[in-house]
Amino acid sequence: MVEKSVEERIAELRRQIHYHNYRYYVLNDPVISDHQYDLLFRELQELEAAHPELITPDSPTQRVGAEPLEAFRKVRHPVPMLSLSNAFDEAELRAWRERFLRLLPEESEPAYVVEPKIDGLAVALTYEGGRFVHGATRGNGLVGEDVTANLRTIKSLPLRIPVDPGGPPAPPLIEVRGEVYMPVAAFEELNRRQAQAGEKLFANPRNAAAGSLRQLDPRITAARPLSLFAYQIGIMEGREAASQWESLQLLRALGFPVNQDIARFDDFEAVVAYCHEWMEKRDILPYEADGVVVKIDDLATQARLGFVGREPRWAVAYKFPAREATTRLLDVQINVGRVGTLNPVAILEPVEVGGVTIQHAGLHNFDDIARKDIRIGDIVRLKRAGDVIPHVIGPVEDLRTGEERVIEPPTHCPSCGEPVVRPEGEIAIYCLNPGCPAQRVERITHYVQVMDVEGMGARTVQLFVEKGLLRDAADLYSLRREDILALEGFADKSADNLLAAIEASRDRPLQRLLTALGIRGVGWMVAGELATHFGSVDRLMAASEEELQEIEGMGPHTAASIVEWFGQERNRQFIERLRAAGVRMTEAGAPPERPQPLAGLTFVITGTLPSMSRERAKALIEEHGGKVSGSVSSKTSYLLVGDKPGGTKYNAAQKLGVPMVDEAGLLAMIGKG
Ligand code: IVH
């Protein structure tokens, strides 16, 4: 016999833990510390270990996952789970309204509820007497799979309702419908872990959610960061709701996670406006939404309108333009970078993604290509999120014809034909030939950009390199007027301007020259430290690795890379030729070239900026004394936000109260507004 007090204590602990889970996972507003929570949880675990007969499936300790199953049991849904018809643009949305209005002739405009259409998988959750008793996937809409054990592991899914003891009493029976999804940040983290473990990557958050929920071993599901939004009541006994809006409010009061961005409108024009507004917002959300669902609010009107096939007449999904697309991979081109890295770029059959035609996309590296088994001729999936260049996610293996060609990592440089190397422990493949034309173009372009040779870009550099007029940046200073005039696109005036711009670049501050040399690891910030510390190229050239490492922020790799660079005869000759051409090699003792209004500030950049690339923005911030970091933390001073800010950074900044500036704000801060 168990003493009454143990049973009572267990019940009390469960009640408290359910409540604190809800505060934490549903409301994002915990009222006790993690440590206090852990103490409650441990006490419950210990009591249950001592009294296993008291363990019940709805105990919060059981969220860790039960024993694996052989197969999922099939369950017939008491009320079918329907799908939705789609509207792909405003006209189709209006047409939907016209269609149902014809069936409601005597009535005035109905009210509408608009909800985000979360991209996950639909589930039906049954609660009897306030306890979660079973849950199923949508399946084919009539018959789904019993995934109760897996659903129990989802932290925001209430195991008992009402979660808040002050909430409305639970109906004796309620079937709640909602979407199980994986937040974008959690998805990215999961894929990072999968990659590290050499496991298969998930194509998108929806596949990751589906794959995680349909695991036969609930312990695997428990380790996956799944979440839930409730959006509908399927069945309810002992209580009535007259409208969708009322249903959502009831669900929320019972402790279900209901999306924050639901809205109710009496006016259809407001619905249309809200749909447009949503499309802009999708990139800043912590979850993927592929559209919004517009529903007629009144449930009696819903019932009168009924269905066509599997689709209700009373609701429609207004779909956002897809950001994913599939197309054929025609070829893989290899670009050679400044330091000789060979970067694969996908050449694609043109395809529209999110309103933009894409012909090229990133392929991360050759390891990634091999791991994903991407082949030339494959139909590949592409993704273009708000603020990143499109990239290839992976092949659609089912569509293979057998004609596809495996992509071999290059053995020779596509530009100069020299053999390439892959240094131990590195992912990148390098061409080490300093005379490689592609690298020449990249190196000289880098030099002219950093040294601010106005009017000279990659195209001009390429022309000069092709004509054999430029082998390295030092050759710039011996270009003659007639050399330039012989090039396509140059006339007297433009040739003179170019010569003047080259001339002016002789007298740049040391920090610029050191950046322009293109030493691996020496960007603008490090170059600044080096310029201040050594004051001249000659003193830097004489420095040992140990001396270099004494400089604040200098890592051993960079120190080694600097020594290695100056150790090479051809680089020393390059320096001497620059010196002979009159390029300044010392810090003039002049005041810093630009004031440093951003000194001490750390920026994080998200979204697409209206007039400059992110690299340009980064350089601009650093030139003015600021720092740029890749992720938002409490140390971030500003989030620089572009048009379509990325979800994770934006949300983190909002959460931490990090101030945000746009491009115009940044320009104003550096006096260029
Ligand atoms: S209502 C009859 N509301 O969309 C009403 N569905 O194509 C059917 N979905 O299988 C569902 N968010 O997976 C509804 N707020 C929402 C939704 C939503 C996502 C999904 C759900 C369903 C599919 C319908």
# chains A, B, ... in the order shown; residues from 1 in each chain; ligands from 1
>>> residues_near_ligand(ligand="ligand 1", cutoff="10 Å", atoms="only C-alpha atoms and all ligand atoms", output="number ranges by chain")
A: 80-86, 113-123, 137-141, 177-181, 229-234, 258-259, 262, 289-295, 302, 306-307, 310-317
>>> select_by_dssp(residues="range 129-248 of chain A", states="alpha helix (DSSP H)", output="ChimeraX atom specification")
/A:148-151,184-196,205-213,218-222,244-248
>>> write_last_selection(atoms="N, CA, C and O atoms", output="CSV table (one decimal), in the first residue's frame")
chain,number,residue,atom,x,y,z
A,148,THR,N,0.5,8.4,-30.9
A,148,THR,CA,0.3,8.9,-29.5
A,148,THR,C,1.6,9.0,-28.7
A,148,THR,O,1.9,10.1,-28.1
A,149,ALA,N,2.4,8.0,-28.8
A,149,ALA,CA,3.6,7.9,-27.9
A,149,ALA,C,4.6,9.0,-28.4
A,149,ALA,O,5.3,9.7,-27.6
A,150,ASN,N,4.6,9.3,-29.7
A,150,ASN,CA,5.5,10.3,-30.2
A,150,ASN,C,5.0,11.7,-29.9
A,150,ASN,O,5.7,12.6,-29.5
A,151,LEU,N,3.7,11.9,-30.0
A,151,LEU,CA,3.1,13.2,-29.7
A,151,LEU,C,3.3,13.6,-28.2
A,151,LEU,O,3.5,14.7,-27.9
A,184,VAL,N,12.3,26.9,-37.6
A,184,VAL,CA,13.4,26.9,-38.5
A,184,VAL,C,14.8,26.8,-37.9
A,184,VAL,O,15.7,26.1,-38.4
A,185,ALA,N,15.0,27.5,-36.8
A,185,ALA,CA,16.3,27.5,-36.1
A,185,ALA,C,16.6,26.1,-35.6
A,185,ALA,O,17.7,25.6,-35.7
A,186,ALA,N,15.6,25.4,-35.1
A,186,ALA,CA,15.8,24.0,-34.6
A,186,ALA,C,16.1,23.1,-35.7
A,186,ALA,O,16.9,22.2,-35.6
A,187,PHE,N,15.5,23.3,-36.9
A,187,PHE,CA,15.7,22.5,-38.1
A,187,PHE,C,17.2,22.7,-38.5
A,187,PHE,O,17.8,21.7,-38.8
A,188,GLU,N,17.6,23.9,-38.5
A,188,GLU,CA,19.0,24.1,-39.0
A,188,GLU,C,20.0,23.5,-38.0
A,188,GLU,O,21.0,22.9,-38.4
A,189,GLU,N,19.7,23.6,-36.7
A,189,GLU,CA,20.6,22.9,-35.7
A,189,GLU,C,20.5,21.4,-35.9
A,189,GLU,O,21.6,20.8,-35.8
A,190,LEU,N,19.3,20.9,-36.1
A,190,LEU,CA,19.2,19.4,-36.3
A,190,LEU,C,20.0,19.0,-37.5
A,190,LEU,O,20.8,18.0,-37.4
A,191,ASN,N,19.9,19.7,-38.6
A,191,ASN,CA,20.7,19.3,-39.8
A,191,ASN,C,22.2,19.4,-39.6
A,191,ASN,O,23.0,18.6,-40.1
A,192,ARG,N,22.6,20.4,-38.8
A,192,ARG,CA,24.1,20.5,-38.4
A,192,ARG,C,24.5,19.2,-37.7
A,192,ARG,O,25.5,18.6,-37.9
A,193,ARG,N,23.6,18.8,-36.7
A,193,ARG,CA,24.0,17.6,-36.0
A,193,ARG,C,24.0,16.4,-36.9
A,193,ARG,O,24.8,15.5,-36.7
A,194,GLN,N,23.0,16.3,-37.8
A,194,GLN,CA,22.9,15.2,-38.7
A,194,GLN,C,24.2,15.1,-39.5
A,194,GLN,O,24.7,14.0,-39.7
A,195,ALA,N,24.6,16.3,-40.0
A,195,ALA,CA,25.8,16.3,-40.8
A,195,ALA,C,27.0,15.8,-40.1
A,195,ALA,O,27.8,15.0,-40.6
A,196,GLN,N,27.1,16.3,-38.8
A,196,GLN,CA,28.3,15.9,-38.0
A,196,GLN,C,28.3,14.4,-37.8
A,196,GLN,O,29.3,13.8,-37.7
A,205,PRO,N,12.1,22.0,-43.1
A,205,PRO,CA,11.5,21.8,-41.8
A,205,PRO,C,10.3,20.8,-41.8
A,205,PRO,O,10.1,20.1,-40.8
A,206,ARG,N,9.5,20.9,-42.9
A,206,ARG,CA,8.4,20.0,-42.9
A,206,ARG,C,8.8,18.5,-43.0
A,206,ARG,O,8.2,17.7,-42.2
A,207,ASN,N,9.7,18.2,-43.8
A,207,ASN,CA,10.2,16.8,-43.9
A,207,ASN,C,10.8,16.4,-42.6
A,207,ASN,O,10.6,15.3,-42.2
A,208,ALA,N,11.5,17.3,-42.0
A,208,ALA,CA,12.1,17.0,-40.7
A,208,ALA,C,11.1,16.7,-39.6
A,208,ALA,O,11.2,15.8,-38.9
A,209,ALA,N,10.0,17.5,-39.7
A,209,ALA,CA,8.9,17.3,-38.7
A,209,ALA,C,8.2,15.9,-39.0
A,209,ALA,O,8.0,15.1,-38.1
A,210,ALA,N,7.9,15.7,-40.2
A,210,ALA,CA,7.2,14.4,-40.6
A,210,ALA,C,8.1,13.2,-40.2
A,210,ALA,O,7.7,12.3,-39.6
A,211,GLY,N,9.4,13.3,-40.6
A,211,GLY,CA,10.3,12.2,-40.3
A,211,GLY,C,10.5,12.0,-38.8
A,211,GLY,O,10.6,10.8,-38.4
A,212,SER,N,10.4,13.1,-38.1
A,212,SER,CA,10.6,12.9,-36.6
A,212,SER,C,9.3,12.3,-35.9
A,212,SER,O,9.4,11.6,-35.0
A,213,LEU,N,8.2,12.8,-36.5
A,213,LEU,CA,6.9,12.3,-35.8
A,213,LEU,C,6.6,10.9,-36.2
A,213,LEU,O,6.0,10.1,-35.4
A,218,PRO,N,9.9,6.3,-30.0
A,218,PRO,CA,9.6,7.6,-29.5
A,218,PRO,C,10.8,8.3,-28.9
A,218,PRO,O,10.7,9.5,-28.7
A,219,ARG,N,11.8,7.6,-28.5
A,219,ARG,CA,12.9,8.3,-27.9
A,219,ARG,C,13.7,9.1,-28.9
A,219,ARG,O,14.3,10.1,-28.6
A,220,ILE,N,13.6,8.7,-30.2
A,220,ILE,CA,14.2,9.5,-31.2
A,220,ILE,C,13.3,10.8,-31.4
A,220,ILE,O,13.9,11.9,-31.4
A,221,THR,N,12.0,10.6,-31.4
A,221,THR,CA,11.1,11.8,-31.5
A,221,THR,C,11.4,12.8,-30.4
A,221,THR,O,11.4,14.0,-30.6
A,222,ALA,N,11.6,12.2,-29.2
A,222,ALA,CA,11.8,13.1,-28.0
A,222,ALA,C,13.0,14.0,-28.2
A,222,ALA,O,13.0,15.1,-27.7
A,244,GLN,N,-15.2,30.0,-35.3
A,244,GLN,CA,-13.8,29.6,-35.4
A,244,GLN,C,-13.1,30.4,-34.4
A,244,GLN,O,-12.2,29.9,-33.7
A,245,TRP,N,-13.4,31.7,-34.3
A,245,TRP,CA,-12.6,32.6,-33.4
A,245,TRP,C,-12.8,32.2,-32.0
A,245,TRP,O,-11.9,32.1,-31.2
A,246,GLU,N,-14.1,31.9,-31.7
A,246,GLU,CA,-14.4,31.4,-30.3
A,246,GLU,C,-13.6,30.1,-30.0
A,246,GLU,O,-13.1,29.9,-28.9
A,247,SER,N,-13.6,29.2,-31.0
A,247,SER,CA,-12.9,27.9,-30.8
A,247,SER,C,-11.4,28.2,-30.5
A,247,SER,O,-10.8,27.6,-29.6
A,248,LEU,N,-10.8,29.1,-31.3
A,248,LEU,CA,-9.4,29.4,-31.0
A,248,LEU,C,-9.1,30.0,-29.6
A,248,LEU,O,-8.2,29.6,-29.0
>>> closest_residue(among="A:Ser227, A:Val604, A:Asp89, A:Val461", to="Pro321 in chain A", atoms="only C-alpha atoms")
A:Asp89
>>> residues_around(residues="Ile670 in chain A", least_positions_apart="3", cutoff="12 Å", atoms="only C-alpha atoms", output="CSV table (one decimal) with N, CA and C atoms, in the first residue's frame")
chain,number,residue,atom,x,y,z
A,594,ARG,N,39.8,57.9,-41.8
A,594,ARG,CA,38.4,58.2,-41.5
A,594,ARG,C,38.2,58.2,-40.0
A,595,PRO,N,37.2,59.0,-39.6
A,595,PRO,CA,36.9,59.0,-38.2
A,595,PRO,C,36.3,57.6,-37.9
A,596,GLN,N,36.3,57.2,-36.7
A,596,GLN,CA,35.9,55.9,-36.3
A,596,GLN,C,34.6,55.9,-35.5
A,597,PRO,N,33.5,56.4,-36.1
A,597,PRO,CA,32.2,56.6,-35.4
A,597,PRO,C,31.6,55.3,-34.9
A,598,LEU,N,32.1,54.1,-35.4
A,598,LEU,CA,31.4,52.9,-35.0
A,598,LEU,C,32.3,52.1,-34.0
A,599,ALA,N,33.4,52.8,-33.5
A,599,ALA,CA,34.3,52.1,-32.6
A,599,ALA,C,33.6,51.5,-31.4
A,617,ALA,N,28.6,46.1,-46.9
A,617,ALA,CA,28.2,46.6,-45.6
A,617,ALA,C,29.2,46.3,-44.5
A,620,LEU,N,32.2,48.4,-44.8
A,620,LEU,CA,31.9,49.7,-44.4
A,620,LEU,C,31.9,49.9,-42.9
A,621,ILE,N,31.3,48.9,-42.3
A,621,ILE,CA,31.3,48.9,-40.8
A,621,ILE,C,32.7,48.8,-40.2
A,622,GLU,N,33.4,47.9,-40.8
A,622,GLU,CA,34.8,47.7,-40.2
A,622,GLU,C,35.7,48.9,-40.5
A,623,GLU,N,35.5,49.5,-41.7
A,623,GLU,CA,36.3,50.7,-42.0
A,623,GLU,C,36.0,51.8,-41.0
A,624,HIS,N,34.9,51.8,-40.5
A,624,HIS,CA,34.5,52.9,-39.5
A,624,HIS,C,34.6,52.5,-38.1
A,625,GLY,N,35.4,51.4,-37.9
A,625,GLY,CA,35.8,51.0,-36.5
A,625,GLY,C,34.8,50.0,-35.9
A,626,GLY,N,33.8,49.6,-36.5
A,626,GLY,CA,32.8,48.7,-35.9
A,626,GLY,C,33.2,47.2,-36.2
A,663,GLU,N,19.7,50.3,-43.7
A,663,GLU,CA,20.9,50.8,-44.4
A,663,GLU,C,21.0,52.3,-44.2
A,664,ALA,N,19.9,53.0,-44.4
A,664,ALA,CA,19.9,54.5,-44.3
A,664,ALA,C,20.4,54.9,-42.9
A,665,GLY,N,20.0,54.1,-41.9
A,665,GLY,CA,20.4,54.4,-40.5
A,665,GLY,C,21.9,54.2,-40.3
A,666,LEU,N,22.4,53.2,-40.9
A,666,LEU,CA,23.9,52.9,-40.9
A,666,LEU,C,24.6,54.0,-41.5
A,667,LEU,N,24.1,54.4,-42.7
A,667,LEU,CA,24.8,55.5,-43.4
A,667,LEU,C,24.8,56.8,-42.6
A,673,GLY,N,24.6,59.8,-44.4
A,673,GLY,CA,23.2,59.8,-44.6
A,673,GLY,C,22.7,60.8,-45.5
>>> closest_residue(among="A:Arg160, A:Trp278, A:Leu469, A:Lys74", to="Leu142 in chain A", atoms="only C-alpha atoms")
A:Lys74
>>> closest_residue(among="A:Leu548, A:Ile379, A:Leu305, A:Leu299", to="Tyr112 in chain A", atoms="only C-alpha atoms")
A:Leu299
>>> residues_around(residues="Pro414 in chain A", least_positions_apart="4", cutoff="12 Å", atoms="only C-alpha atoms", output="PyMOL selection string")
chain A and resi 332-337+340-344+409-410+418-420+430-431+433+436-439
>>> write_last_selection(atoms="N, CA and C atoms", output="PDB file, in the first residue's frame")
ATOM      1  N   VAL A 332      28.313  21.664 -63.631  1.00  0.00           N
ATOM      2  CA  VAL A 332      28.924  22.287 -62.465  1.00  0.00           C
ATOM      3  C   VAL A 332      30.135  23.054 -62.954  1.00  0.00           C
ATOM      4  N   GLN A 333      30.108  24.359 -62.703  1.00  0.00           N
ATOM      5  CA  GLN A 333      31.212  25.205 -63.118  1.00  0.00           C
ATOM      6  C   GLN A 333      32.089  25.400 -61.889  1.00  0.00           C
ATOM      7  N   ILE A 334      33.374  25.562 -62.108  1.00  0.00           N
ATOM      8  CA  ILE A 334      34.257  25.766 -60.960  1.00  0.00           C
ATOM      9  C   ILE A 334      34.841  27.163 -61.026  1.00  0.00           C
ATOM     10  N   ASN A 335      34.591  27.945 -60.003  1.00  0.00           N
ATOM     11  CA  ASN A 335      35.178  29.275 -59.923  1.00  0.00           C
ATOM     12  C   ASN A 335      36.425  29.208 -59.054  1.00  0.00           C
ATOM     13  N   VAL A 336      37.449  29.909 -59.498  1.00  0.00           N
ATOM     14  CA  VAL A 336      38.688  29.908 -58.713  1.00  0.00           C
ATOM     15  C   VAL A 336      38.754  31.215 -57.932  1.00  0.00           C
ATOM     16  N   GLY A 337      38.881  31.102 -56.632  1.00  0.00           N
ATOM     17  CA  GLY A 337      38.895  32.288 -55.772  1.00  0.00           C
ATOM     18  C   GLY A 337      40.284  32.895 -55.653  1.00  0.00           C
ATOM     19  N   GLY A 340      42.909  30.831 -54.361  1.00  0.00           N
ATOM     20  CA  GLY A 340      43.045  29.588 -55.098  1.00  0.00           C
ATOM     21  C   GLY A 340      42.018  28.522 -54.763  1.00  0.00           C
ATOM     22  N   THR A 341      40.991  28.856 -53.950  1.00  0.00           N
ATOM     23  CA  THR A 341      39.973  27.848 -53.654  1.00  0.00           C
ATOM     24  C   THR A 341      39.135  27.576 -54.894  1.00  0.00           C
ATOM     25  N   LEU A 342      38.822  26.318 -55.111  1.00  0.00           N
ATOM     26  CA  LEU A 342      37.981  25.925 -56.241  1.00  0.00           C
ATOM     27  C   LEU A 342      36.542  25.766 -55.740  1.00  0.00           C
ATOM     28  N   ASN A 343      35.679  26.684 -56.152  1.00  0.00           N
ATOM     29  CA  ASN A 343      34.310  26.673 -55.646  1.00  0.00           C
ATOM     30  C   ASN A 343      33.332  26.174 -56.696  1.00  0.00           C
ATOM     31  N   PRO A 344      32.582  25.118 -56.400  1.00  0.00           N
ATOM     32  CA  PRO A 344      31.614  24.625 -57.377  1.00  0.00           C
ATOM     33  C   PRO A 344      30.373  25.515 -57.437  1.00  0.00           C
ATOM     34  N   PRO A 409      35.446  15.496 -57.783  1.00  0.00           N
ATOM     35  CA  PRO A 409      36.181  16.702 -57.414  1.00  0.00           C
ATOM     36  C   PRO A 409      37.299  16.929 -58.424  1.00  0.00           C
ATOM     37  N   PRO A 410      37.605  18.167 -58.762  1.00  0.00           N
ATOM     38  CA  PRO A 410      38.599  18.433 -59.799  1.00  0.00           C
ATOM     39  C   PRO A 410      39.989  17.980 -59.359  1.00  0.00           C
ATOM     40  N   GLU A 418      46.893  23.404 -63.767  1.00  0.00           N
ATOM     41  CA  GLU A 418      47.838  22.798 -62.826  1.00  0.00           C
ATOM     42  C   GLU A 418      47.115  21.827 -61.891  1.00  0.00           C
ATOM     43  N   PRO A 419      47.827  20.817 -61.373  1.00  0.00           N
ATOM     44  CA  PRO A 419      47.192  19.919 -60.401  1.00  0.00           C
ATOM     45  C   PRO A 419      46.785  20.689 -59.140  1.00  0.00           C
ATOM     46  N   VAL A 420      45.696  20.253 -58.527  1.00  0.00           N
ATOM     47  CA  VAL A 420      45.218  20.957 -57.335  1.00  0.00           C
ATOM     48  C   VAL A 420      45.473  20.108 -56.092  1.00  0.00           C
ATOM     49  N   TYR A 430      42.401  23.500 -53.414  1.00  0.00           N
ATOM     50  CA  TYR A 430      43.130  24.695 -53.833  1.00  0.00           C
ATOM     51  C   TYR A 430      43.949  24.471 -55.091  1.00  0.00           C
ATOM     52  N   CYS A 431      44.027  25.551 -55.888  1.00  0.00           N
ATOM     53  CA  CYS A 431      45.019  25.621 -56.953  1.00  0.00           C
ATOM     54  C   CYS A 431      46.168  26.438 -56.364  1.00  0.00           C
ATOM     55  N   ASN A 433      48.945  27.350 -57.915  1.00  0.00           N
ATOM     56  CA  ASN A 433      49.770  28.018 -58.915  1.00  0.00           C
ATOM     57  C   ASN A 433      49.598  29.533 -58.818  1.00  0.00           C
ATOM     58  N   CYS A 436      48.231  31.363 -61.885  1.00  0.00           N
ATOM     59  CA  CYS A 436      46.919  30.986 -62.405  1.00  0.00           C
ATOM     60  C   CYS A 436      46.119  32.231 -62.799  1.00  0.00           C
ATOM     61  N   PRO A 437      45.700  32.322 -64.085  1.00  0.00           N
ATOM     62  CA  PRO A 437      45.013  33.538 -64.542  1.00  0.00           C
ATOM     63  C   PRO A 437      43.766  33.886 -63.722  1.00  0.00           C
ATOM     64  N   ALA A 438      42.971  32.873 -63.350  1.00  0.00           N
ATOM     65  CA  ALA A 438      41.751  33.166 -62.593  1.00  0.00           C
ATOM     66  C   ALA A 438      42.104  33.793 -61.242  1.00  0.00           C
ATOM     67  N   GLN A 439      43.115  33.233 -60.597  1.00  0.00           N
ATOM     68  CA  GLN A 439      43.532  33.811 -59.314  1.00  0.00           C
ATOM     69  C   GLN A 439      44.085  35.211 -59.501  1.00  0.00           C
TER      70      GLN A 439
END
>>> decode(residues="range 269-296 of chain A", atoms="N, CA and C atoms", output="compact mmCIF listing (two decimals), in the first residue's frame")
# COMPACT_ATOMS: atom_id res chain seq x y z
N GLU A 269 -11.91 43.27 -47.74
CA GLU A 269 -10.74 44.04 -48.19
C GLU A 269 -9.62 43.97 -47.15
N ALA A 270 -10.02 43.97 -45.89
CA ALA A 270 -9.02 43.87 -44.82
C ALA A 270 -8.34 42.50 -44.86
N VAL A 271 -9.10 41.47 -45.24
CA VAL A 271 -8.54 40.13 -45.37
C VAL A 271 -7.46 40.14 -46.46
N VAL A 272 -7.81 40.76 -47.60
CA VAL A 272 -6.87 40.81 -48.73
C VAL A 272 -5.60 41.54 -48.30
N ALA A 273 -5.78 42.66 -47.62
CA ALA A 273 -4.61 43.44 -47.19
C ALA A 273 -3.74 42.62 -46.23
N TYR A 274 -4.40 41.89 -45.35
CA TYR A 274 -3.66 41.08 -44.36
C TYR A 274 -2.86 39.98 -45.06
N CYS A 275 -3.46 39.39 -46.10
CA CYS A 275 -2.75 38.35 -46.85
C CYS A 275 -1.48 38.92 -47.48
N HIS A 276 -1.57 40.14 -48.02
CA HIS A 276 -0.38 40.75 -48.63
C HIS A 276 0.67 41.04 -47.57
N GLU A 277 0.21 41.54 -46.45
CA GLU A 277 1.12 41.88 -45.36
C GLU A 277 1.89 40.63 -44.93
N TRP A 278 1.19 39.52 -44.91
CA TRP A 278 1.80 38.27 -44.47
C TRP A 278 2.93 37.83 -45.34
N MET A 279 2.73 38.05 -46.65
CA MET A 279 3.74 37.59 -47.59
C MET A 279 5.07 38.26 -47.29
N GLU A 280 5.01 39.52 -46.86
CA GLU A 280 6.22 40.27 -46.54
C GLU A 280 6.87 39.72 -45.28
N LYS A 281 6.02 39.20 -44.42
CA LYS A 281 6.47 38.86 -43.08
C LYS A 281 7.07 37.47 -42.97
N ARG A 282 6.83 36.66 -43.99
CA ARG A 282 7.14 35.24 -43.80
C ARG A 282 8.59 34.97 -43.45
N ASP A 283 9.50 35.80 -43.96
CA ASP A 283 10.91 35.52 -43.72
C ASP A 283 11.36 35.82 -42.30
N ILE A 284 10.58 36.59 -41.59
CA ILE A 284 11.04 36.94 -40.25
C ILE A 284 10.40 36.04 -39.20
N LEU A 285 9.65 35.04 -39.63
CA LEU A 285 8.99 34.17 -38.67
C LEU A 285 9.91 33.04 -38.23
N PRO A 286 9.76 32.58 -37.00
CA PRO A 286 10.60 31.47 -36.54
C PRO A 286 10.15 30.12 -37.08
N TYR A 287 9.06 30.09 -37.85
CA TYR A 287 8.60 28.83 -38.43
C TYR A 287 8.29 29.07 -39.90
N GLU A 288 8.18 27.98 -40.67
CA GLU A 288 7.87 28.13 -42.08
C GLU A 288 6.36 28.16 -42.26
N ALA A 289 5.89 29.14 -43.00
CA ALA A 289 4.47 29.20 -43.36
C ALA A 289 4.43 29.26 -44.88
N ASP A 290 3.61 28.40 -45.49
CA ASP A 290 3.56 28.41 -46.95
C ASP A 290 2.36 29.19 -47.47
N GLY A 291 1.64 29.81 -46.55
CA GLY A 291 0.51 30.63 -46.96
C GLY A 291 -0.28 31.05 -45.75
N VAL A 292 -1.46 31.60 -45.99
CA VAL A 292 -2.38 31.86 -44.89
C VAL A 292 -3.70 31.18 -45.22
N VAL A 293 -4.42 30.77 -44.17
CA VAL A 293 -5.71 30.13 -44.38
C VAL A 293 -6.79 31.16 -44.04
N VAL A 294 -7.71 31.37 -44.97
CA VAL A 294 -8.83 32.27 -44.71
C VAL A 294 -10.05 31.40 -44.48
N LYS A 295 -10.71 31.59 -43.33
CA LYS A 295 -11.87 30.77 -43.00
C LYS A 295 -13.06 31.67 -42.70
N ILE A 296 -14.24 31.23 -43.07
CA ILE A 296 -15.44 31.94 -42.63
C ILE A 296 -15.59 31.67 -41.14
